[in-house]
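A.B. asks: Provided below: model28.txt, containing compact mmCIF, C-alpha atoms and all ligand atoms.
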# COMPACT_ATOMS: atom_id res chain seq x y z
CA MET N 269 107.62 76.65 116.21
CA ARG N 270 105.40 73.55 115.86
CA GLU N 271 104.67 73.69 119.59
CA LEU N 272 103.85 77.37 119.23
CA GLU N 273 101.31 76.62 116.51
CA LYS N 274 99.63 74.08 118.80
CA CYS N 275 99.51 76.51 121.72
CA LEU N 276 98.15 79.29 119.47
CA ALA N 277 95.42 76.99 118.12
CA GLN N 278 94.48 75.97 121.69
CA SER N 279 94.36 79.60 122.79
CA ILE N 280 91.50 80.37 120.44
CA SER N 281 89.60 77.11 120.75
CA GLU N 282 87.75 77.69 124.06
CA ASP N 283 84.92 79.47 122.29
CA SER N 284 83.57 78.45 118.87
CA PHE N 285 82.83 82.01 117.67
CA ILE N 286 86.30 83.27 118.70
CA LYS N 287 87.85 80.25 116.99
CA LYS N 288 85.90 80.81 113.79
CA ILE N 289 86.85 84.44 113.40
CA CYS N 290 90.40 84.30 114.73
CA ALA N 291 91.67 81.17 112.97
CA PRO N 292 92.17 82.77 109.51
CA LEU N 293 93.82 85.84 111.04
CA ILE N 294 96.10 83.85 113.34
CA SER N 295 97.16 81.44 110.57
CA GLY N 296 98.40 84.25 108.29
CA GLY N 297 101.12 85.68 110.56
CA LYS N 298 104.86 85.60 109.90
CA ARG N 299 105.58 84.62 113.55
CA LEU N 300 108.48 87.06 113.61
CA ARG N 301 108.05 87.90 117.31
CA PRO N 302 108.01 84.36 118.73
CA LEU N 303 110.79 83.39 116.32
CA LEU N 304 113.02 86.18 117.67
CA PHE N 305 112.15 85.16 121.21
CA PHE N 306 113.05 81.51 120.53
CA LEU N 307 116.29 82.35 118.73
CA CYS N 308 117.46 84.69 121.49
CA SER N 309 116.61 82.21 124.22
CA GLY N 310 118.03 79.00 122.82
CA LYS N 311 116.75 75.74 124.25
CA ALA N 312 115.25 77.25 127.40
CA ALA N 313 112.38 78.88 125.56
CA PRO N 314 108.94 78.53 127.16
CA VAL N 315 106.34 78.07 124.41
CA PRO N 316 103.45 79.75 126.32
CA LEU N 317 105.48 82.98 126.64
CA ALA N 318 106.25 82.89 122.90
CA THR N 319 102.53 82.32 122.28
CA ALA N 320 101.66 85.28 124.51
CA LEU N 321 103.89 87.51 122.38
CA GLU N 322 102.11 86.42 119.19
CA LEU N 323 98.70 86.88 120.85
CA ILE N 324 99.56 90.40 122.05
CA HIS N 325 100.69 91.21 118.51
CA THR N 326 97.49 89.78 117.00
CA ALA N 327 95.31 91.64 119.53
CA SER N 328 97.08 94.88 118.65
CA LEU N 329 96.45 94.28 114.92
CA VAL N 330 92.74 93.63 115.53
CA HIS N 331 92.51 96.96 117.37
CA ASP N 332 94.75 98.70 114.83
CA ASP N 333 92.39 97.66 112.03
CA ILE N 334 89.47 99.27 113.88
CA LEU N 335 91.41 102.52 114.26
CA ASP N 336 92.42 102.43 110.57
CA CYS N 337 88.99 101.24 109.33
CA ALA N 338 91.10 98.65 107.46
CA LYS N 339 89.29 96.21 105.21
CA LYS N 340 91.94 93.54 104.72
CA ARG N 341 94.61 91.99 106.90
CA ARG N 342 96.78 88.98 106.09
CA GLY N 343 94.78 88.44 102.92
CA VAL N 344 91.41 88.11 104.67
CA ALA N 345 88.64 90.56 105.55
CA THR N 346 89.33 92.29 108.87
CA ILE N 347 87.15 91.46 111.87
CA ASN N 348 85.85 95.04 111.96
CA ALA N 349 84.93 94.84 108.26
CA THR N 350 82.99 91.60 108.72
CA TYR N 351 81.52 91.89 112.22
CA GLY N 352 81.81 95.59 113.06
CA ALA N 353 84.02 97.53 115.44
CA GLN N 354 82.14 96.45 118.59
CA ILE N 355 82.88 92.75 118.08
CA ALA N 356 86.43 93.53 116.93
CA VAL N 357 87.15 95.47 120.17
CA LEU N 358 86.02 92.48 122.20
CA VAL N 359 87.91 89.92 120.10
CA GLY N 360 91.10 92.00 120.51
CA ASP N 361 90.47 92.15 124.27
CA TYR N 362 89.92 88.39 124.35
CA LEU N 363 93.25 87.66 122.62
CA PHE N 364 94.96 90.13 124.92
CA ALA N 365 93.44 88.49 128.03
CA LYS N 366 94.42 85.04 126.75
CA ALA N 367 98.02 86.23 126.39
CA PHE N 368 98.09 87.34 130.02
CA GLN N 369 96.46 84.09 131.15
CA LEU N 370 99.40 82.20 129.57
CA VAL N 371 101.85 84.56 131.26
CA ALA N 372 100.15 84.15 134.66
CA GLU N 373 100.05 80.35 134.35
CA GLY N 374 103.72 80.26 133.32
CA ASN N 375 104.88 82.06 136.50
CA TYR N 376 107.71 83.82 134.71
CA GLY N 377 108.18 86.34 137.49
CA SER N 378 107.60 90.02 138.00
CA LYS N 379 110.45 91.13 135.68
CA VAL N 380 108.77 89.44 132.69
CA SER N 381 105.35 90.89 133.64
CA GLU N 382 106.86 94.35 134.03
CA ILE N 383 108.54 94.11 130.59
CA LEU N 384 105.28 92.96 128.97
CA SER N 385 103.32 95.78 130.65
CA ARG N 386 105.83 98.32 129.36
CA LEU N 387 105.55 96.79 125.89
CA VAL N 388 101.76 97.17 125.79
CA LYS N 389 101.89 100.69 127.26
CA ASN N 390 104.36 101.70 124.54
CA LEU N 391 102.17 100.17 121.82
CA CYS N 392 99.25 102.22 123.11
CA ILE N 393 101.25 105.45 123.40
CA GLY N 394 102.60 104.97 119.85
CA GLU N 395 99.10 104.45 118.50
CA ILE N 396 97.66 107.38 120.47
CA MET N 397 100.40 109.66 119.11
CA GLN N 398 99.64 108.46 115.59
CA ASP N 399 95.89 108.85 116.03
CA ARG N 400 96.18 112.37 117.41
CA ALA N 401 98.18 113.45 114.36
CA LEU N 402 96.16 111.98 111.50
CA PHE N 403 96.47 113.89 108.22
CA ALA N 404 99.33 115.91 109.71
CA VAL N 405 102.91 115.57 108.50
CA PRO N 406 105.22 114.42 111.30
CA THR N 407 108.81 115.59 111.56
CA LEU N 408 111.42 112.91 111.01
CA SER N 409 111.95 112.77 114.75
CA GLU N 410 108.19 112.37 115.43
CA TYR N 411 108.04 109.61 112.82
CA TYR N 412 110.92 107.79 114.50
CA THR N 413 109.38 108.13 117.98
CA ARG N 414 106.18 106.63 116.64
CA ILE N 415 107.75 103.65 114.84
CA ASN N 416 109.98 103.03 117.83
CA LEU N 417 107.00 102.77 120.16
CA LYS N 418 104.71 100.77 117.90
CA THR N 419 107.17 98.34 116.28
CA ALA N 420 110.84 98.55 117.24
CA PHE N 421 110.19 98.27 120.97
CA PHE N 422 108.14 95.11 120.39
CA LEU N 423 110.85 93.31 118.40
CA SER N 424 113.45 94.48 120.90
CA THR N 425 111.30 93.16 123.77
CA CYS N 426 111.04 89.71 122.12
CA CYS N 427 114.85 89.53 121.88
CA ARG N 428 115.31 90.87 125.43
CA LEU N 429 112.84 88.38 126.89
CA GLY N 430 114.59 85.56 125.05
CA ALA N 431 117.93 86.62 126.50
CA ILE N 432 116.41 86.96 129.98
CA VAL N 433 114.86 83.48 130.07
CA ALA N 434 118.21 82.08 128.83
CA GLU N 435 119.94 83.98 131.68
CA SER N 436 122.31 85.70 129.26
CA ASP N 437 124.72 88.25 130.70
CA GLU N 438 123.89 91.95 130.56
CA ASP N 439 126.07 92.73 127.52
CA GLU N 440 124.57 89.94 125.43
CA THR N 441 121.03 90.91 126.53
CA GLU N 442 121.55 94.56 125.55
CA ASN N 443 123.14 93.62 122.22
CA LEU N 444 120.27 91.30 121.34
CA ALA N 445 117.77 93.99 122.39
CA ALA N 446 119.60 96.53 120.18
CA TYR N 447 119.45 94.04 117.29
CA GLY N 448 115.66 93.77 117.80
CA GLU N 449 115.21 97.54 117.99
CA ASN N 450 117.08 98.23 114.75
CA LEU N 451 115.41 95.29 113.05
CA GLY N 452 112.05 96.78 114.11
CA LEU N 453 112.90 100.23 112.73
CA ALA N 454 113.91 98.65 109.41
CA PHE N 455 110.79 96.46 109.45
CA GLN N 456 108.45 99.44 109.89
CA ILE N 457 110.20 101.57 107.25
CA VAL N 458 109.88 98.69 104.77
CA ASP N 459 106.25 98.25 105.84
CA ASP N 460 105.59 101.92 105.13
CA LEU N 461 107.21 101.56 101.71
CA LEU N 462 105.16 98.44 100.93
CA ASP N 463 102.03 100.43 101.69
CA PHE N 464 102.69 102.31 98.43
CA PHE N 465 104.75 99.86 96.40
CA GLY N 466 103.72 96.42 97.64
CA GLU N 467 101.57 93.84 95.88
CA GLU N 468 98.22 93.42 97.61
CA ASN N 469 98.20 89.64 97.10
CA LEU N 470 101.53 89.42 98.97
CA THR N 471 101.12 92.06 101.69
CA GLY N 472 97.54 90.94 102.30
CA LYS N 473 96.57 94.59 102.77
CA ILE N 474 95.03 97.26 100.57
CA LEU N 475 97.48 99.60 98.81
CA GLY N 476 97.66 103.10 100.27
CA GLY N 477 95.95 102.01 103.49
CA ASP N 478 98.18 104.19 105.70
CA LEU N 479 97.51 107.31 103.64
CA LYS N 480 93.78 106.59 103.45
CA SER N 481 93.61 106.35 107.22
CA GLY N 482 95.60 109.59 107.57
CA VAL N 483 98.87 108.05 108.74
CA ILE N 484 101.69 109.99 107.10
CA THR N 485 104.82 107.88 106.76
CA LEU N 486 108.45 108.20 105.63
CA PRO N 487 107.91 107.90 101.83
CA VAL N 488 105.50 110.84 101.98
CA ILE N 489 107.63 112.85 104.42
CA ARG N 490 110.60 112.49 102.06
CA ALA N 491 108.58 113.18 98.89
CA LEU N 492 107.22 116.37 100.45
CA SER N 493 110.74 117.68 100.91
CA GLN N 494 111.94 116.64 97.44
CA SER N 495 109.09 116.79 94.96
CA ARG N 496 108.24 119.57 92.55
CA ASP N 497 104.62 118.49 93.13
CA ALA N 498 104.84 118.86 96.89
CA GLU N 499 101.92 121.32 96.85
CA THR N 500 99.62 118.73 95.24
CA LEU N 501 100.68 116.19 97.86
CA LYS N 502 100.09 118.71 100.66
CA LYS N 503 96.58 119.39 99.30
CA ILE N 504 95.77 115.65 99.21
CA ILE N 505 96.81 115.32 102.84
CA ALA N 506 95.04 118.51 103.96
CA GLN N 507 91.70 117.28 102.54
CA GLY N 508 91.41 114.90 105.49
CA SER N 509 89.99 112.20 103.25
CA VAL N 510 91.91 110.31 100.59
CA SER N 511 90.38 108.60 97.53
CA GLY N 512 91.78 105.76 95.41
CA GLU N 513 92.72 108.34 92.79
CA ASP N 514 94.59 110.37 95.43
CA VAL N 515 96.56 107.26 96.36
CA GLN N 516 97.55 106.77 92.70
CA THR N 517 98.60 110.43 92.40
CA THR N 518 100.62 110.12 95.60
CA ILE N 519 102.37 106.98 94.31
CA LYS N 520 103.31 108.86 91.10
CA ILE N 521 104.62 111.83 93.08
CA ILE N 522 106.67 109.60 95.40
CA SER N 523 108.00 107.60 92.42
CA ALA N 524 109.29 110.74 90.73
CA THR N 525 111.52 111.47 93.75
CA ASP N 526 114.29 109.57 95.54
CA ALA N 527 111.89 108.74 98.40
CA ALA N 528 111.81 104.97 97.87
CA ALA N 529 115.61 104.75 97.58
CA TYR N 530 115.93 107.04 100.62
CA CYS N 531 113.65 104.78 102.70
CA LYS N 532 115.53 101.67 101.55
CA THR N 533 118.88 103.24 102.46
CA ARG N 534 117.58 104.17 105.91
CA ALA N 535 116.20 100.69 106.47
CA GLU N 536 119.53 99.18 105.34
CA ALA N 537 121.40 101.43 107.76
CA HIS N 538 119.26 100.07 110.61
CA ILE N 539 119.97 96.53 109.47
CA ASP N 540 123.71 97.31 109.54
CA CYS N 541 123.29 98.65 113.10
CA ALA N 542 121.29 95.56 114.03
CA LEU N 543 124.08 93.26 112.89
CA ILE N 544 127.09 95.20 114.10
CA ASN N 545 127.06 94.02 117.72
CA LEU N 546 125.22 90.77 117.21
CA PRO N 547 126.73 88.33 119.70
CA ASP N 548 128.48 85.26 118.38
CA CYS N 549 125.63 83.08 119.65
CA PRO N 550 124.37 79.82 118.06
CA ALA N 551 121.41 81.72 116.58
CA ARG N 552 123.61 84.29 114.82
CA PHE N 553 123.17 82.86 111.34
CA ALA N 554 119.36 82.70 111.72
CA LEU N 555 119.25 86.27 113.08
CA GLU N 556 121.25 87.41 110.03
CA GLN N 557 118.81 85.60 107.76
CA ILE N 558 115.88 87.35 109.47
CA ALA N 559 117.61 90.71 108.94
CA SER N 560 117.96 89.93 105.25
CA PHE N 561 114.30 88.84 105.06
CA VAL N 562 113.16 92.09 106.69
CA ILE N 563 114.95 94.26 104.15
CA ASN N 564 113.94 92.20 101.09
CA ARG N 565 110.45 91.15 102.11
CA ARG N 566 107.41 91.61 99.92
CA ARG N 567 104.94 90.25 102.45
C1 LIG N 601 100.33 97.98 112.97
O1 LIG N 601 101.13 98.99 112.45
C2 LIG N 601 99.98 98.22 114.41
C3 LIG N 601 100.82 98.22 115.45
C4 LIG N 601 102.25 97.93 115.25
C5 LIG N 601 100.42 98.49 116.87
C6 LIG N 601 98.96 98.60 117.17
C7 LIG N 601 98.73 98.88 118.63
C8 LIG N 601 97.55 99.17 119.22
C9 LIG N 601 96.29 99.26 118.47
C10 LIG N 601 97.50 99.44 120.71
C11 LIG N 601 97.71 98.22 121.56
C12 LIG N 601 96.55 97.31 121.67
C13 LIG N 601 96.59 96.06 122.28
C14 LIG N 601 95.33 95.26 122.42
C15 LIG N 601 97.81 95.44 122.78
P1 LIG N 601 100.74 99.73 111.10
O2 LIG N 601 99.40 100.34 111.23
O3 LIG N 601 101.88 100.62 110.76
O4 LIG N 601 100.78 98.54 110.07
P2 LIG N 601 99.64 97.95 109.14
O5 LIG N 601 99.87 98.59 107.82
O6 LIG N 601 99.96 96.47 109.11
O7 LIG N 601 98.32 98.25 109.75
MG MG N 602 97.56 99.96 110.54
Could you render the structure as structure tokens?
C.D. replies:
Amino acid sequence: MRELEKCLAQSISEDSFIKKICAPLISGGKRLRPLLFFLCSGKAAPVPLATALELIHTASLVHDDILDCAKKRRGVATINATYGAQIAVLVGDYLFAKAFQLVAEGNYGSKVSEILSRLVKNLCIGEIMQDRALFAVPTLSEYYTRINLKTAFFLSTCCRLGAIVAESDEDETENLAAYGENLGLAFQIVDDLLDFFGEENLTGKILGGDLKSGVITLPVIRALSQSRDAETLKKIIAQGSVSGEDVQTTIKIISATDAAAYCKTRAEAHIDCALINLPDCPARFALEQIASFVINRRR
């Protein structure tokens, strides 16, 4: 992980403006993706590939914040909030290009490039789906498709790539990939819960950000099917613009239902699935610890 930090710092140091605006954002990440990659690959892990995964993730967050008009990320002002969407598009592109430079220089082969291309395509499709359905309530199945594409597939890819560079057999590779996928589903459900019930100083994001940007997530989907005040919630969503007061009303409505417990139970079920076929590899204990972090996290 220390080597990763060095490689990340180098990746943004070619240009002084890029360095200045990316350093605070880069330093605030949890490093979940490279950590999964390292743990699933053992000693064979190439640091530049792990760095590329973190850079792709960071690039996607920079672009995500433009789409969401988000003001805060990882406890600091977003690039779009400080420098505008034009600069933020280009900074995201830069990080993305840097990731693929590291991949090209590492010569990891066409299989790795193909897996990374699929990863980015899925991220884009997930975001497009989400963006085309703002302020509309997705079905449970639509919600799952979306979180699979934008989060679960990424964590699964990190595990898969780790297994591939370690030349694991097919069974172990698929089991590690399944661990990553379920971990990702749990991660996103918890993320969606934290959007309403997190502490801003820990999440580093503004409360109710998903709802404000029109992204309707599992706590709201569940509350709509359970609450006596479902009509009020429907009206808030149908307005197409959500105020701070609307966020507070929504939190009250969600809190009066079983939605938070329902989300937690679903996330826990994915964690159980993640762990069930976890291979008896040296990293098993650490992968279990990550699973427990994902379910209990507040940041
Ligand atoms: C955060 O999720 C965003 C993502 C998981 C994916 C964003 C992907 C793109 C913008 C497309 C790909 C772009 C590139 C450059 C690779 P969230 O919005 O649920 O979480 P948040 O609350 O942290 O914003
Ligand atoms: Mg977002």
A.B. asks: So, counting all atoms listed in the file, which residue among N:Phe403, N:Tyr362, N:Phe368, N:Phe561 is closest to Ala454 of chain N?
C.D. replies: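 Answer, going by the shortest atom-to-atom distance: N:Phe561.
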A.B. asks: Tell me which residues come within 7 Å of (107.3, 107.2, 104.6), as a compact mmCIF listing (two decimals) with C-alpha atoms, in the frame of the given file, counting all atoms listed in the file in the file's coordinates.
C.D. replies:
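Below is the file out10.txt, written as the result:
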# COMPACT_ATOMS: atom_id res chain seq x y z
CA ILE N 457 110.20 101.57 107.25
CA ASP N 460 105.59 101.92 105.13
CA LEU N 461 107.21 101.56 101.71
CA ILE N 484 101.69 109.99 107.10
CA THR N 485 104.82 107.88 106.76
CA LEU N 486 108.45 108.20 105.63
CA PRO N 487 107.91 107.90 101.83
CA VAL N 488 105.50 110.84 101.98
CA ILE N 489 107.63 112.85 104.42
CA ARG N 490 110.60 112.49 102.06
A.B. asks: Give me the residues near Glu468 of chain N as a PyMOL selection string, where near means some atom within 12 Å (using only C-alpha atoms) and where sequence neighbours in that chain fewer than 4 positions away do not count.
C.D. replies: chain N and resi 340-344+462-464+472-477+566-567
A.B. asks: Given only C-alpha atoms and all ligand atoms as the basis, pick out the residue of N:Leu304, N:Leu323, N:Leu444, N:Cys541 nearest to ligand LIG 601 (chain N).
C.D. replies: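 With only C-alpha atoms and all ligand atoms as the atom set, the closest residue is N:Leu323.
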A.B. asks: Write out as a list in words each polymer residue whose atoms come within 10 Å of Arg414 of chain N, counting all atoms listed in the file; drop sequence neighbours fewer than 4 positions from it.
C.D. replies: Asn390, Leu391, Ile393, Gly394, Glu395, Ile396, Met397, Gln398, Pro406, Leu408, Ser409, Glu410, Lys418, Thr419 and Ala420 of chain N
A.B. asks: Could you tell me which of N:Ser378, N:Gln507, N:Ser481, N:Thr500 comes closest to ligand MG 602 (chain N) if we count only C-alpha atoms and all ligand atoms?
C.D. replies: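 Ranking N:Ser378, N:Gln507, N:Ser481, N:Thr500 by distance to ligand MG 602 (chain N), first place goes to N:Ser481.
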A.B. asks: Taking a cut-off of 7 Å and counting all atoms listed in the file, can you build a table that, for each residue of chain N near ligand MG 602 (chain N), reports the nearest atom pair and how far apart they are in Å (one decimal), sorted by chain then residue number, as a tab-separated table?
C.D. replies:
residue	atom	partner	partner_atom	distance
N:Asp332	CA	N:MG602	MG	5.3
N:Asp333	CA	N:MG602	MG	5.9
N:Asp336	CA	N:MG602	MG	5.7
N:Asp478	CA	N:MG602	MG	6.5
A.B. asks: Any idea what the distance is between atom CA of Ala524 of chain N and atom CA of Ser495 of chain N?
C.D. replies: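 Answer for the atom CA of Ala524 of chain N to atom CA of Ser495 of chain N separation: 7.4 Å.
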A.B. asks: Counting all atoms listed in the file, which of N:Ser436, N:Lys502, N:Ile558, N:Ala404 gets nearest to Gly310 of chain N?
C.D. replies: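 Among N:Ser436, N:Lys502, N:Ile558, N:Ala404, it is N:Ser436 that comes nearest to Gly310 of chain N.
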A.B. asks: Just want the 8 Å neighbourhood of Val510 of chain N, counted on all atoms listed in the file, with same-chain residues fewer than 2 positions away dropped. Output as a VMD selection string.
C.D. replies: chain N and resid 479 to 482 504 to 505 507 to 508 512 514 to 515
A.B. asks: Using atom CA of Asp283 of chain N and atom CA of Lys298 of chain N as the two end points, give the distance in Å to one decimal.
C.D. replies: 24.3 Å
A.B. asks: Tell me which protein, DNA and RNA residues are within 12 Å of Pro292 of chain N, counting all atoms listed in the file, leaving out same-chain ones fewer than 3 positions away, and put them as a list in words.
C.D. replies: Ala277, Ile280, Ile286, Lys287, Lys288, Ile289, Ser295, Gly296, Gly297, Thr326, Lys340, Arg341, Arg342, Gly343, Val344, Ala345, Thr346 and Ile347 of chain N
A.B. asks: Figure out the distance between atom CA of Ala356 of chain N and atom CA of Ala338 of chain N, please, to one decimal in Å.
C.D. replies: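 Answer for the atom CA of Ala338 of chain N to atom CA of Ala356 of chain N separation: 11.7 Å.
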A.B. asks: Residues near Thr533 of chain N, anyone? I mean within 12 Å using only C-alpha atoms, not counting same-chain ones fewer than 3 positions away, as a list in words.
C.D. replies: Ala454, Ile457, Val458, Leu461, Leu486, Pro487, Asp526, Ala527, Ala528, Ala529, Tyr530, Glu536, Ala537, His538, Ile539, Asp540 and Ile563 of chain N
A.B. asks: Counting all atoms listed in the file, figure out which residue out of N:Ser385, N:Thr471, N:Ser328, N:Ser279 gets nearest to ligand LIG 601 (chain N).
C.D. replies: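 Using all atoms listed in the file, the shortest distance to ligand LIG 601 (chain N) belongs to N:Ser328.
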A.B. asks: Under the rule that only C-alpha atoms are counted, which of N:Leu303, N:Ala554, N:Ile383, N:Leu429 is the nearest residue to Glu442 of chain N?
C.D. replies: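 Comparing N:Leu303, N:Ala554, N:Ile383, N:Leu429 against Glu442 of chain N, the winner is N:Leu429.
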A.B. asks: Need a file for segment 330-339 of chain N from that block: all heavy atoms, written as a compact mmCIF listing (two decimals), in the first residue's frame.
C.D. replies:
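The resulting file, selection_9.txt, is reproduced below:
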# COMPACT_ATOMS: atom_id res chain seq x y z
N VAL N 330 -14.82 12.08 -10.05
CA VAL N 330 -14.76 13.48 -10.53
C VAL N 330 -15.90 13.72 -11.52
O VAL N 330 -16.61 14.73 -11.44
CB VAL N 330 -13.37 13.77 -11.17
CG1 VAL N 330 -13.36 15.14 -11.83
CG2 VAL N 330 -12.26 13.68 -10.13
N HIS N 331 -16.11 12.76 -12.42
CA HIS N 331 -17.20 12.92 -13.39
C HIS N 331 -18.57 12.76 -12.73
O HIS N 331 -19.52 13.47 -13.07
CB HIS N 331 -17.03 11.92 -14.55
CG HIS N 331 -15.95 12.34 -15.51
ND1 HIS N 331 -15.67 11.65 -16.66
CD2 HIS N 331 -15.11 13.40 -15.50
CE1 HIS N 331 -14.68 12.26 -17.31
NE2 HIS N 331 -14.32 13.32 -16.62
N ASP N 332 -18.64 11.84 -11.76
CA ASP N 332 -19.91 11.64 -11.05
C ASP N 332 -20.34 12.93 -10.33
O ASP N 332 -21.52 13.28 -10.31
CB ASP N 332 -19.75 10.51 -10.03
CG ASP N 332 -21.04 10.18 -9.30
OD1 ASP N 332 -21.99 9.75 -9.97
OD2 ASP N 332 -21.11 10.41 -8.08
N ASP N 333 -19.37 13.63 -9.76
CA ASP N 333 -19.70 14.86 -9.04
C ASP N 333 -20.20 15.96 -9.98
O ASP N 333 -20.99 16.82 -9.58
CB ASP N 333 -18.48 15.34 -8.23
CG ASP N 333 -18.25 14.46 -7.01
OD1 ASP N 333 -19.21 13.80 -6.56
OD2 ASP N 333 -17.11 14.41 -6.52
N ILE N 334 -19.76 15.92 -11.25
CA ILE N 334 -20.29 16.89 -12.22
C ILE N 334 -21.76 16.54 -12.49
O ILE N 334 -22.64 17.41 -12.43
CB ILE N 334 -19.52 16.83 -13.56
CG1 ILE N 334 -18.03 17.08 -13.35
CG2 ILE N 334 -20.10 17.84 -14.57
CD1 ILE N 334 -17.18 16.76 -14.58
N LEU N 335 -22.00 15.24 -12.75
CA LEU N 335 -23.37 14.81 -13.06
C LEU N 335 -24.32 15.13 -11.90
O LEU N 335 -25.46 15.52 -12.11
CB LEU N 335 -23.41 13.30 -13.34
CG LEU N 335 -22.61 12.82 -14.55
CD1 LEU N 335 -22.54 11.31 -14.60
CD2 LEU N 335 -23.24 13.34 -15.83
N ASP N 336 -23.82 14.94 -10.66
CA ASP N 336 -24.66 15.16 -9.47
C ASP N 336 -24.67 16.61 -8.99
O ASP N 336 -25.33 16.91 -8.00
CB ASP N 336 -24.15 14.30 -8.30
CG ASP N 336 -24.35 12.81 -8.54
OD1 ASP N 336 -25.08 12.45 -9.47
OD2 ASP N 336 -23.77 12.01 -7.78
N CYS N 337 -23.88 17.47 -9.63
CA CYS N 337 -23.67 18.85 -9.13
C CYS N 337 -23.29 18.80 -7.65
O CYS N 337 -23.75 19.62 -6.84
CB CYS N 337 -24.92 19.72 -9.29
SG CYS N 337 -25.41 19.93 -10.98
N ALA N 338 -22.47 17.80 -7.28
CA ALA N 338 -22.10 17.62 -5.86
C ALA N 338 -21.12 18.72 -5.42
O ALA N 338 -20.27 19.15 -6.18
CB ALA N 338 -21.48 16.25 -5.65
N LYS N 339 -21.27 19.11 -4.16
CA LYS N 339 -20.45 20.21 -3.64
C LYS N 339 -19.26 19.72 -2.83
O LYS N 339 -18.25 20.39 -2.72
CB LYS N 339 -21.29 21.13 -2.75
CG LYS N 339 -22.50 21.74 -3.45
CD LYS N 339 -22.43 23.25 -3.40
CE LYS N 339 -23.51 23.98 -4.17
NZ LYS N 339 -24.00 23.37 -5.39
